[in-house]
file protein-v3.cif (mmCIF, C-alpha atoms and all ligand atoms)
data_final
#
loop_
_atom_site.label_atom_id
_atom_site.label_comp_id
_atom_site.auth_asym_id
_atom_site.auth_seq_id
_atom_site.Cartn_x
_atom_site.Cartn_y
_atom_site.Cartn_z
CA MET J 1 91.94 70.21 140.34
CA ALA J 2 91.42 73.52 138.68
CA ASN J 3 92.55 74.82 135.32
CA LEU J 4 96.30 74.88 135.55
CA GLY J 5 98.93 75.78 132.97
CA TYR J 6 102.28 74.04 132.79
CA ILE J 7 105.44 75.85 131.73
CA GLN J 8 108.51 73.75 131.10
CA VAL J 9 111.11 76.17 132.39
CA VAL J 10 114.06 74.06 131.24
CA ARG J 11 114.44 70.64 129.67
CA HIS J 12 117.78 69.67 131.14
CA CYS J 13 118.09 67.88 134.45
CA ASN J 14 120.69 66.79 136.98
CA HIS J 15 119.10 63.35 137.41
CA PHE J 16 118.97 60.55 134.80
CA CYS J 17 115.71 58.74 135.49
CA GLY J 18 115.44 55.66 133.32
CA PHE J 19 111.82 56.43 132.45
CA CYS J 20 112.15 60.16 131.81
CA SER J 21 109.64 61.20 129.15
CA ASN J 22 110.93 64.77 128.77
CA PRO J 23 114.43 64.45 127.34
CA SER J 24 116.73 67.44 126.87
CA THR J 25 116.14 69.75 123.87
CA PRO J 26 118.07 72.72 122.43
CA TYR J 27 115.24 75.13 123.40
CA VAL J 28 115.84 77.60 126.23
CA HIS J 29 113.71 80.15 128.06
CA THR J 30 114.61 83.65 129.13
CA PHE J 31 112.56 85.59 131.65
CA GLU J 32 110.92 87.40 128.74
CA THR J 33 109.90 84.25 126.87
CA MET J 34 108.37 82.86 130.08
CA ARG J 35 106.67 86.15 130.93
CA VAL J 36 104.49 86.11 127.82
CA LEU J 37 103.31 82.59 128.69
CA VAL J 38 102.42 83.66 132.23
CA ASP J 39 100.57 86.68 130.83
CA ASP J 40 98.57 84.37 128.57
CA LEU J 41 97.55 82.06 131.43
CA ALA J 42 96.48 85.05 133.52
CA ARG J 43 94.55 86.55 130.62
CA ARG J 44 92.59 83.39 129.98
CA GLY J 45 91.59 83.14 133.66
CA TYR J 46 93.61 80.13 134.71
CA PHE J 47 93.79 79.41 138.44
CA GLY J 48 97.49 78.67 138.54
CA VAL J 49 100.76 77.80 136.88
CA ILE J 50 102.99 74.77 137.43
CA LEU J 51 106.66 75.45 136.75
CA THR J 52 108.23 72.21 135.64
CA GLY J 53 110.98 70.78 133.46
CA GLY J 54 113.45 69.08 133.15
CA GLU J 55 114.45 70.28 136.58
CA PRO J 56 113.03 73.82 136.90
CA THR J 57 115.30 74.87 139.76
CA LEU J 58 118.23 74.78 137.31
CA HIS J 59 116.89 77.93 135.60
CA PRO J 60 118.51 81.02 137.16
CA ASP J 61 115.33 83.08 136.68
CA LEU J 62 112.99 80.67 138.48
CA PRO J 63 112.41 82.96 141.50
CA GLN J 64 111.88 85.91 139.17
CA ILE J 65 109.25 84.18 137.04
CA ALA J 66 107.54 82.77 140.15
CA ARG J 67 107.28 86.27 141.58
CA TYR J 68 105.91 87.64 138.32
CA ALA J 69 103.29 84.86 138.07
CA ARG J 70 102.20 85.50 141.64
CA GLN J 71 101.84 89.21 140.89
CA GLN J 72 99.54 88.30 137.99
CA GLY J 73 97.25 86.50 140.45
CA LEU J 74 98.24 82.93 139.62
CA HIS J 75 98.69 80.21 142.22
CA VAL J 76 102.34 79.24 141.74
CA ARG J 77 103.48 75.65 141.99
CA MET J 78 106.52 73.75 140.84
CA ILE J 79 107.51 70.13 140.30
CA THR J 80 111.06 69.37 141.37
CA ASN J 81 113.41 66.50 142.15
CA GLY J 82 114.39 68.39 145.29
CA SER J 83 118.12 68.61 144.60
CA ARG J 84 118.28 72.41 144.97
CA LEU J 85 115.22 72.87 147.14
CA ALA J 86 117.18 71.10 149.87
CA GLU J 87 119.28 74.29 150.18
CA VAL J 88 117.67 76.28 152.97
CA GLU J 89 118.43 79.70 151.44
CA PHE J 90 117.10 78.63 148.05
CA ALA J 91 113.89 77.31 149.62
CA ARG J 92 113.45 80.63 151.42
CA ALA J 93 114.05 82.56 148.20
CA LEU J 94 111.38 80.58 146.37
CA ALA J 95 108.91 81.04 149.21
CA ALA J 96 109.59 84.77 149.24
CA ALA J 97 109.11 84.88 145.47
CA GLY J 98 105.64 83.36 145.79
CA VAL J 99 105.98 79.63 145.23
CA GLU J 100 103.08 78.28 147.27
CA LEU J 101 103.23 74.56 146.58
CA ALA J 102 106.16 72.31 145.68
CA HIS J 103 105.65 68.80 144.34
CA VAL J 104 108.81 66.86 145.22
CA SER J 105 109.15 63.63 143.28
CA VAL J 106 110.16 60.50 145.17
CA TYR J 107 109.73 57.08 143.59
CA SER J 108 110.79 54.87 146.46
CA VAL J 109 111.84 55.36 150.07
CA ARG J 110 114.22 52.43 149.60
CA ALA J 111 117.50 54.23 148.88
CA ASP J 112 118.86 51.55 146.55
CA VAL J 113 115.68 51.48 144.45
CA GLU J 114 115.55 55.28 144.26
CA ALA J 115 119.21 55.54 143.25
CA GLY J 116 118.76 52.87 140.57
CA LEU J 117 115.74 54.63 139.09
CA ARG J 118 117.37 58.07 139.17
CA GLY J 119 120.74 57.00 137.84
CA VAL J 120 122.38 59.15 140.52
CA PRO J 121 123.31 58.10 144.08
CA GLY J 122 122.27 60.08 147.15
CA THR J 123 119.15 61.64 145.70
CA LEU J 124 116.77 60.28 148.33
CA ALA J 125 118.40 62.12 151.23
CA ARG J 126 118.31 65.35 149.16
CA ALA J 127 114.61 64.87 148.45
CA PHE J 128 113.86 64.37 152.15
CA GLY J 129 115.99 67.47 152.86
CA ALA J 130 113.98 69.40 150.28
CA LEU J 131 110.73 68.52 152.03
CA ASP J 132 112.10 69.73 155.36
CA ALA J 133 113.65 72.92 153.93
CA ALA J 134 110.55 73.89 151.97
CA HIS J 135 108.29 73.18 154.92
CA ALA J 136 110.46 75.35 157.16
CA ALA J 137 110.25 78.12 154.54
CA GLY J 138 106.45 77.97 154.53
CA ILE J 139 105.92 76.22 151.19
CA GLU J 140 103.12 73.65 151.05
CA LEU J 141 104.27 70.22 149.96
CA ALA J 142 103.11 67.32 147.87
CA VAL J 143 104.97 64.15 146.93
CA ASN J 144 104.81 62.98 143.31
CA CYS J 145 105.50 59.38 142.40
CA VAL J 146 105.77 57.67 139.01
CA ILE J 147 104.53 54.10 139.36
CA ASN J 148 106.97 51.74 137.67
CA ARG J 149 108.16 48.16 137.89
CA ASP J 150 110.64 48.79 140.69
CA ASN J 151 108.29 50.49 143.15
CA ALA J 152 105.02 48.80 142.15
CA ASP J 153 105.03 46.45 145.12
CA HIS J 154 105.73 48.98 147.89
CA LEU J 155 103.76 52.17 147.22
CA ASP J 156 102.19 51.76 150.66
CA GLU J 157 105.63 51.52 152.27
CA ASN J 158 106.45 54.89 150.72
CA VAL J 159 103.33 56.45 152.19
CA ARG J 160 103.94 55.06 155.66
CA TRP J 161 107.39 56.66 155.61
CA PHE J 162 106.07 60.10 154.78
CA VAL J 163 103.24 59.91 157.31
CA GLU J 164 105.74 59.04 160.01
CA HIS J 165 108.76 61.16 159.07
CA HIS J 166 107.30 64.07 157.08
CA PRO J 167 103.78 64.41 158.49
CA TYR J 168 103.36 67.91 157.08
CA VAL J 169 103.11 66.48 153.53
CA ARG J 170 99.37 66.55 153.00
CA HIS J 171 98.97 65.73 149.31
CA PHE J 172 100.21 62.90 147.09
CA VAL J 173 100.13 62.48 143.32
CA TRP J 174 100.61 59.14 141.59
CA ASN J 175 101.31 58.79 137.87
CA ALA J 176 101.41 55.49 136.05
CA LEU J 177 104.55 55.53 133.91
CA ASP J 178 104.03 57.00 130.44
CA PRO J 179 105.86 54.64 128.04
CA SER J 180 105.34 56.79 124.95
CA MET J 181 108.32 59.15 124.90
CA GLY J 182 111.99 59.58 125.64
CA ARG J 183 113.91 57.05 127.70
CA ALA J 184 110.59 55.66 128.99
CA GLU J 185 109.75 54.53 125.46
CA HIS J 186 113.24 53.21 124.77
CA ASP J 187 113.29 51.19 128.01
CA LYS J 188 109.58 50.46 128.39
CA ALA J 189 110.09 46.71 128.85
CA ARG J 190 112.46 47.46 131.71
CA PHE J 191 110.29 49.98 133.57
CA THR J 192 106.61 49.65 132.60
CA PRO J 193 104.67 47.69 135.23
CA ARG J 194 101.68 45.49 134.68
CA LEU J 195 98.57 47.10 136.13
CA ALA J 196 98.13 44.09 138.39
CA ASP J 197 101.64 44.62 139.77
CA PHE J 198 100.64 47.80 141.62
CA GLU J 199 96.89 47.43 142.15
CA LEU J 200 97.11 46.16 145.72
CA SER J 201 99.93 48.37 146.97
CA LEU J 202 98.28 51.45 145.43
CA HIS J 203 95.01 50.58 147.16
CA ARG J 204 96.82 50.13 150.48
CA ALA J 205 98.65 53.45 149.97
CA LEU J 206 95.45 55.36 149.17
CA SER J 207 93.70 53.76 152.14
CA ILE J 208 96.46 54.97 154.47
CA LEU J 209 96.24 58.47 153.04
CA GLN J 210 92.49 58.54 153.41
CA GLN J 211 92.63 57.22 156.97
CA THR J 212 95.21 59.84 157.94
CA GLY J 213 93.25 62.72 156.43
CA ARG J 214 95.51 63.38 153.46
CA THR J 215 94.48 64.18 149.90
CA PHE J 216 95.63 62.49 146.71
CA ARG J 217 95.18 62.19 142.98
CA VAL J 218 96.02 59.34 140.62
CA GLU J 219 96.88 59.92 136.99
CA LYS J 220 96.88 57.51 134.03
CA VAL J 221 95.45 54.55 135.97
CA PRO J 222 92.23 53.05 134.52
CA LEU J 223 89.32 52.97 136.93
CA CYS J 224 89.18 49.17 137.01
CA TYR J 225 92.46 49.39 138.97
CA MET J 226 91.27 52.17 141.30
CA ALA J 227 88.66 50.17 143.28
CA ASP J 228 87.24 52.48 145.99
CA PHE J 229 89.10 55.56 144.79
CA ALA J 230 87.78 56.25 141.29
CA TRP J 231 86.87 59.77 142.41
CA ALA J 232 90.61 60.50 142.80
CA SER J 233 91.43 59.84 139.14
CA THR J 234 92.58 63.09 137.53
CA GLU J 235 91.20 62.06 134.12
CA THR J 236 87.80 61.22 135.64
CA ARG J 237 87.73 64.52 137.51
CA LYS J 238 88.55 66.43 134.34
CA ILE J 239 85.88 64.57 132.36
CA VAL J 240 83.27 65.23 135.05
CA LYS J 241 84.22 68.90 135.44
CA SER J 242 85.00 69.60 131.76
CA GLU J 243 88.41 70.95 132.69
CA GLU J 244 91.26 71.74 130.37
CA ARG J 245 94.93 72.39 130.73
CA ILE J 246 97.62 74.06 128.70
CA VAL J 247 101.16 72.73 128.53
CA HIS J 248 103.90 74.93 127.13
CA PHE J 249 106.39 72.28 126.02
CA LEU J 250 109.94 73.51 125.62
CA ASP J 251 110.34 71.52 122.41
CA GLU J 252 108.87 71.35 118.92
CA LYS J 253 105.40 70.53 120.30
CA GLN J 254 105.27 74.10 121.69
CA THR J 255 101.81 74.87 123.17
CA VAL J 256 99.29 72.05 123.60
CA ARG J 257 95.80 72.71 124.93
CA GLN J 258 94.34 69.49 126.32
CA THR J 259 90.58 69.13 126.55
CA ALA J 260 90.11 65.39 125.92
CA TRP J 261 91.09 62.87 128.58
CA GLU J 262 90.13 59.56 126.99
CA HIS J 263 92.89 57.18 125.94
CA VAL J 264 92.90 53.47 124.99
CA TYR J 265 89.90 51.18 125.55
CA SER J 266 89.32 47.49 124.88
CA ASP J 267 86.26 45.34 124.20
CA ALA J 268 86.05 44.84 127.95
CA CYS J 269 85.16 48.52 128.32
CA THR J 270 81.90 48.27 126.35
CA PRO J 271 79.74 46.86 129.17
CA CYS J 272 81.62 48.74 131.91
CA SER J 273 79.46 51.04 134.04
CA LEU J 274 82.29 53.60 134.31
CA ARG J 275 83.11 53.82 130.59
CA ALA J 276 81.74 57.37 130.26
CA ILE J 277 83.93 58.80 133.03
CA CYS J 278 87.05 56.64 132.65
CA GLY J 279 90.21 57.80 130.92
CA GLY J 280 90.95 54.20 129.94
CA LEU J 281 94.48 52.94 129.47
CA PHE J 282 97.08 55.67 129.00
CA ASP J 283 99.29 53.90 126.52
CA ARG J 284 100.44 55.61 123.39
CA GLY J 285 103.60 53.51 123.48
CA ASN J 286 102.17 49.99 123.66
CA GLY J 287 103.83 49.43 127.01
CA TYR J 288 100.74 48.13 128.80
CA ASP J 289 98.47 45.24 127.91
CA PRO J 290 94.80 46.15 127.14
CA ALA J 291 93.93 42.56 128.10
CA GLU J 292 94.38 43.64 131.72
CA LEU J 293 91.29 45.87 131.50
CA HIS J 294 88.09 44.43 132.92
CA PRO J 295 84.61 45.91 133.25
CA VAL J 296 83.31 47.04 136.61
CA PHE J 297 79.68 47.37 137.60
CA VAL J 298 79.52 50.06 140.25
CA SER J 299 77.57 53.30 140.54
CA LYS J 300 78.85 55.97 138.18
CA ALA J 301 76.43 58.47 139.73
CA ALA J 302 78.01 58.12 143.17
CA ILE J 303 81.46 58.92 141.78
CA VAL J 304 80.23 61.88 139.74
CA SER J 305 78.30 63.22 142.70
CA ARG J 306 81.32 63.03 144.99
CA ILE J 307 83.54 64.87 142.50
CA ALA J 308 80.91 67.51 141.75
CA SER J 309 80.34 68.21 145.43
CA GLU J 310 83.95 69.15 146.16
CA PRO J 311 84.87 72.84 146.07
CA GLU J 312 87.20 73.75 143.22
CA HIS J 313 89.11 76.80 142.09
CA VAL J 314 87.72 76.80 138.57
CA ARG J 315 87.45 80.16 136.84
CA PRO J 316 85.69 80.76 133.54
CA ILE J 317 87.97 80.38 130.54
CA ALA J 318 88.33 83.77 128.91
CA ASP J 319 89.86 82.60 125.65
CA PRO J 320 90.07 78.96 124.50
CA ALA J 321 92.52 79.64 121.66
CA PRO J 322 96.17 78.66 122.21
CA PRO J 323 98.51 81.65 122.43
CA ALA J 324 100.26 82.63 119.23
CA VAL J 325 103.61 83.13 120.93
CA PRO J 326 106.69 80.93 120.58
CA VAL J 327 107.67 78.77 123.56
CA GLY J 328 111.35 79.43 124.21
CA ARG J 329 114.06 79.77 121.60
CA ILE J 330 116.88 77.68 120.17
CA THR J 331 120.11 79.48 120.97
CA LEU J 332 123.80 78.60 120.74
CA GLU J 333 123.77 78.15 124.50
CA GLY J 334 120.76 75.83 124.20
CA GLU J 335 122.44 73.74 121.53
CA ARG J 336 125.64 73.55 123.60
CA ARG J 337 123.74 72.39 126.68
CA PHE J 338 121.70 69.91 124.63
CA ALA J 339 124.86 68.32 123.24
CA ALA J 340 126.45 68.18 126.70
CA GLN J 341 123.35 66.58 128.21
CA ALA J 342 123.20 63.98 125.41
CA ARG J 343 126.84 63.06 126.10
CA ALA J 344 126.19 62.88 129.85
CA GLU J 345 123.14 60.68 129.33
CA GLN J 346 125.20 58.26 127.29
CA ARG J 347 127.82 58.12 130.04
CA ARG J 348 125.56 58.16 133.08
CA GLY J 349 122.29 56.58 132.04
CA PRO J 350 120.54 54.43 134.64
CA LYS J 351 122.00 51.03 135.36
CA PRO J 352 119.71 48.02 135.77
CA THR J 353 118.80 47.37 139.42
S1 LIG E 1 87.05 48.39 131.73
FE1 LIG E 1 87.63 50.13 130.48
S2 LIG E 1 86.11 51.72 130.92
FE2 LIG E 1 85.94 50.18 132.55
S3 LIG E 1 87.21 50.92 134.19
FE3 LIG E 1 88.50 49.56 132.95
S4 LIG E 1 89.49 50.88 131.43
FE4 LIG E 1 87.80 52.03 132.34
#

call {"tool": "encode", "arguments": {"input": "protein-v3.cif", "output": "structure tokens", "more": "lines below"}}
Ligand code: SF4
result
Amino acid sequence: MANLGYIQVVRHCNHFCGFCSNPSTPYVHTFETMRVLVDDLARRGYFGVILTGGEPTLHPDLPQIARYARQQGLHVRMITNGSRLAEVEFARALAAAGVELAHVSVYSVRADVEAGLRGVPGTLARAFGALDAAHAAGIELAVNCVINRDNADHLDENVRWFVEHHPYVRHFVWNALDPSMGRAEHDKARFTPRLADFELSLHRALSILQQTGRTFRVEKVPLCYMADFAWASTETRKIVKSEERIVHFLDEKQTVRQTAWEHVYSDACTPCSLRAICGGLFDRGNGYDPAELHPVFVSKAAIVSRIASEPEHVRPIADPAPPAVPVGRITLEGERRFAAQARAEQRRGPKPT
């Protein structure tokens, strides 16, 4: 991982994931309001920008801002649910604009589980179509997966599917559900897994990826549930490499510069050999149980050495201060869309599976 900036291009979405932690807001971006954020990331020497949301492909200026970011020397990535990327012409347009890597989120390759989590039927086929269309257009691909109660037992089944049916996907990102915001907080009892629920299937999934020569990162999972793969923890990598990231939230939080990666610890962490490089339990919403943490007694030096030995695209930070520019604006159009999305969420929120 290198220093990457996140720009939330929009906050509305055409899916209704039950654990969404970025609900709709009245803020909107124009090309100009995004341009100043791209300029700031380029000025401070960041390696790349991740265009995210909401669902970023719903912004009409996405290709334009991707092209501009590329021209400023940034590596351009986006995180998408794949609904529009499945359109061949749209995938080509993004590739031509300079999008180099697309993270397509898929929670489960079981269609019924995926539809239940997304609150919309038919999304899985679109996501698979997005992988194929983007690959054909020359965009590199990664699959993102939020670990939750409904997929916790078959993360390895997901991986086997992609290895067999979409072998060109070379990178995978896992995130333990964040129960601290939005619908994820409201429905945390419904969606938040126990750590023990996914420990084995995550280990099997990572083993398959390692055996087949793929790369992966795991976010928000404490190292005592990462067994042989502690080096793949994004928090641990950031602690070891002293990395930072900037997130331009399209809400009242505005710009957040993150430099600390430690979260919740318990008494069990005190004797743990990995305490100094572990992000602990990511749980600002009291969705997980700290009693699940347990000390491990393995070599911290071996993990640090492995992370430090890998080549990275880290550039010196030119200016650590957050930019003094507003992130988006509240407009009449933004307020109209926000109200419409709130009504739609009430009507179409996810049903229990
Ligand atoms: S016991 Fe605490 S410090 Fe040790 S790996 Fe688990 S969460 Fe990290």

call {"tool": "residues_near_ligand", "arguments": {"input": "protein-v3.cif", "ligand": "ligand LIG 1 (chain E)", "cutoff": "10 Å", "atoms": "all atoms listed in the file", "output": "VMD selection string"}}
result
chain J and resid 221 to 227 230 236 262 to 282 290 to 298

call {"tool": "residues_near_point", "arguments": {"input": "protein-v3.cif", "point": "(114.6, 69.8, 130.2)", "cutoff": "12 Å", "atoms": "all atoms listed in the file", "output": "PyMOL selection string"}}
result
chain J and resi 7-16+20-29+51-59+80+182+249-251+328+334+337-338+341-342

call {"tool": "closest_residue", "arguments": {"input": "protein-v3.cif", "among": "J:Val38, J:Phe47, J:Arg183, J:Ile307", "to": "Glu235 in chain J", "atoms": "all atoms listed in the file"}}
result
J:Ile307

call {"tool": "residues_around", "arguments": {"input": "protein-v3.cif", "residues": "Ala196 in chain J", "least_positions_apart": "2", "cutoff": "10 Å", "atoms": "only C-alpha atoms", "output": "ChimeraX atom specification"}}
result
/J:152-153,193-194,198-201,225,292-293

call {"tool": "closest_residue", "arguments": {"input": "protein-v3.cif", "among": "J:Arg149, J:His171, J:Arg257, J:Arg44", "to": "Ala102 in chain J", "atoms": "all atoms listed in the file"}}
result
J:His171

call {"tool": "closest_residue", "arguments": {"input": "protein-v3.cif", "among": "J:Ser180, J:Gln64, J:Thr234, J:Ser105", "to": "Leu141 in chain J", "atoms": "only C-alpha atoms"}}
result
J:Ser105

call {"tool": "axis_aligned_box", "arguments": {"input": "protein-v3.cif", "around": "range 285-304 of chain J", "padding_each_side": "8 Å", "output": "AutoDock Vina command-line options"}}
result
--center_x 90.1 --center_y 52.2 --center_z 133.3 --size_x 43.4 --size_y 35.3 --size_z 35.7

call {"tool": "closest_residue", "arguments": {"input": "protein-v3.cif", "among": "J:Tyr168, J:Val325, J:Val143, J:Ser207", "to": "Asp39 in chain J", "atoms": "all atoms listed in the file"}}
result
J:Val325

call {"tool": "closest_residue", "arguments": {"input": "protein-v3.cif", "among": "J:Gly119, J:Arg329, J:Val106, J:His154", "to": "Thr33 in chain J", "atoms": "all atoms listed in the file"}}
result
J:Arg329

call {"tool": "closest_residue", "arguments": {"input": "protein-v3.cif", "among": "J:Ala232, J:Ala69, J:Ala340, J:Ala91", "to": "Phe31 in chain J", "atoms": "all atoms listed in the file"}}
result
J:Ala69

call {"tool": "atom_distance", "arguments": {"input": "protein-v3.cif", "atom1": "CA of Val49 in chain J", "atom2": "CA of Ser233 in chain J"}}
result
20.4 Å

call {"tool": "build_atoms", "arguments": {"input": "protein-v3.cif", "residues": "range 93-104 of chain J", "atoms": "N, CA and C atoms", "output": "PDB file, in the coordinates of the input"}}
result
ATOM      1  N   ALA J  93     114.169  81.630 149.333  1.00  0.00           N
ATOM      2  CA  ALA J  93     114.050  82.560 148.200  1.00  0.00           C
ATOM      3  C   ALA J  93     112.815  82.248 147.359  1.00  0.00           C
ATOM      4  N   LEU J  94     112.562  80.954 147.152  1.00  0.00           N
ATOM      5  CA  LEU J  94     111.380  80.580 146.370  1.00  0.00           C
ATOM      6  C   LEU J  94     110.092  80.921 147.112  1.00  0.00           C
ATOM      7  N   ALA J  95     110.103  80.694 148.416  1.00  0.00           N
ATOM      8  CA  ALA J  95     108.910  81.040 149.210  1.00  0.00           C
ATOM      9  C   ALA J  95     108.665  82.541 149.152  1.00  0.00           C
ATOM     10  N   ALA J  96     109.728  83.311 149.280  1.00  0.00           N
ATOM     11  CA  ALA J  96     109.590  84.770 149.240  1.00  0.00           C
ATOM     12  C   ALA J  96     109.124  85.237 147.863  1.00  0.00           C
ATOM     13  N   ALA J  97     109.500  84.501 146.831  1.00  0.00           N
ATOM     14  CA  ALA J  97     109.110  84.880 145.470  1.00  0.00           C
ATOM     15  C   ALA J  97     107.653  84.537 145.182  1.00  0.00           C
ATOM     16  N   GLY J  98     107.057  83.650 145.996  1.00  0.00           N
ATOM     17  CA  GLY J  98     105.640  83.360 145.790  1.00  0.00           C
ATOM     18  C   GLY J  98     105.308  81.936 145.416  1.00  0.00           C
ATOM     19  N   VAL J  99     106.307  81.035 145.465  1.00  0.00           N
ATOM     20  CA  VAL J  99     105.980  79.630 145.230  1.00  0.00           C
ATOM     21  C   VAL J  99     105.183  79.132 146.437  1.00  0.00           C
ATOM     22  N   GLU J 100     103.959  78.672 146.169  1.00  0.00           N
ATOM     23  CA  GLU J 100     103.080  78.280 147.270  1.00  0.00           C
ATOM     24  C   GLU J 100     103.044  76.783 147.507  1.00  0.00           C
ATOM     25  N   LEU J 101     103.322  76.013 146.457  1.00  0.00           N
ATOM     26  CA  LEU J 101     103.230  74.560 146.580  1.00  0.00           C
ATOM     27  C   LEU J 101     104.351  73.926 145.757  1.00  0.00           C
ATOM     28  N   ALA J 102     105.105  73.040 146.397  1.00  0.00           N
ATOM     29  CA  ALA J 102     106.160  72.310 145.680  1.00  0.00           C
ATOM     30  C   ALA J 102     105.816  70.823 145.676  1.00  0.00           C
ATOM     31  N   HIS J 103     105.801  70.251 144.473  1.00  0.00           N
ATOM     32  CA  HIS J 103     105.650  68.800 144.340  1.00  0.00           C
ATOM     33  C   HIS J 103     107.070  68.235 144.240  1.00  0.00           C
ATOM     34  N   VAL J 104     107.484  67.487 145.240  1.00  0.00           N
ATOM     35  CA  VAL J 104     108.810  66.860 145.220  1.00  0.00           C
ATOM     36  C   VAL J 104     108.626  65.412 144.794  1.00  0.00           C
TER      37      VAL J 104
END
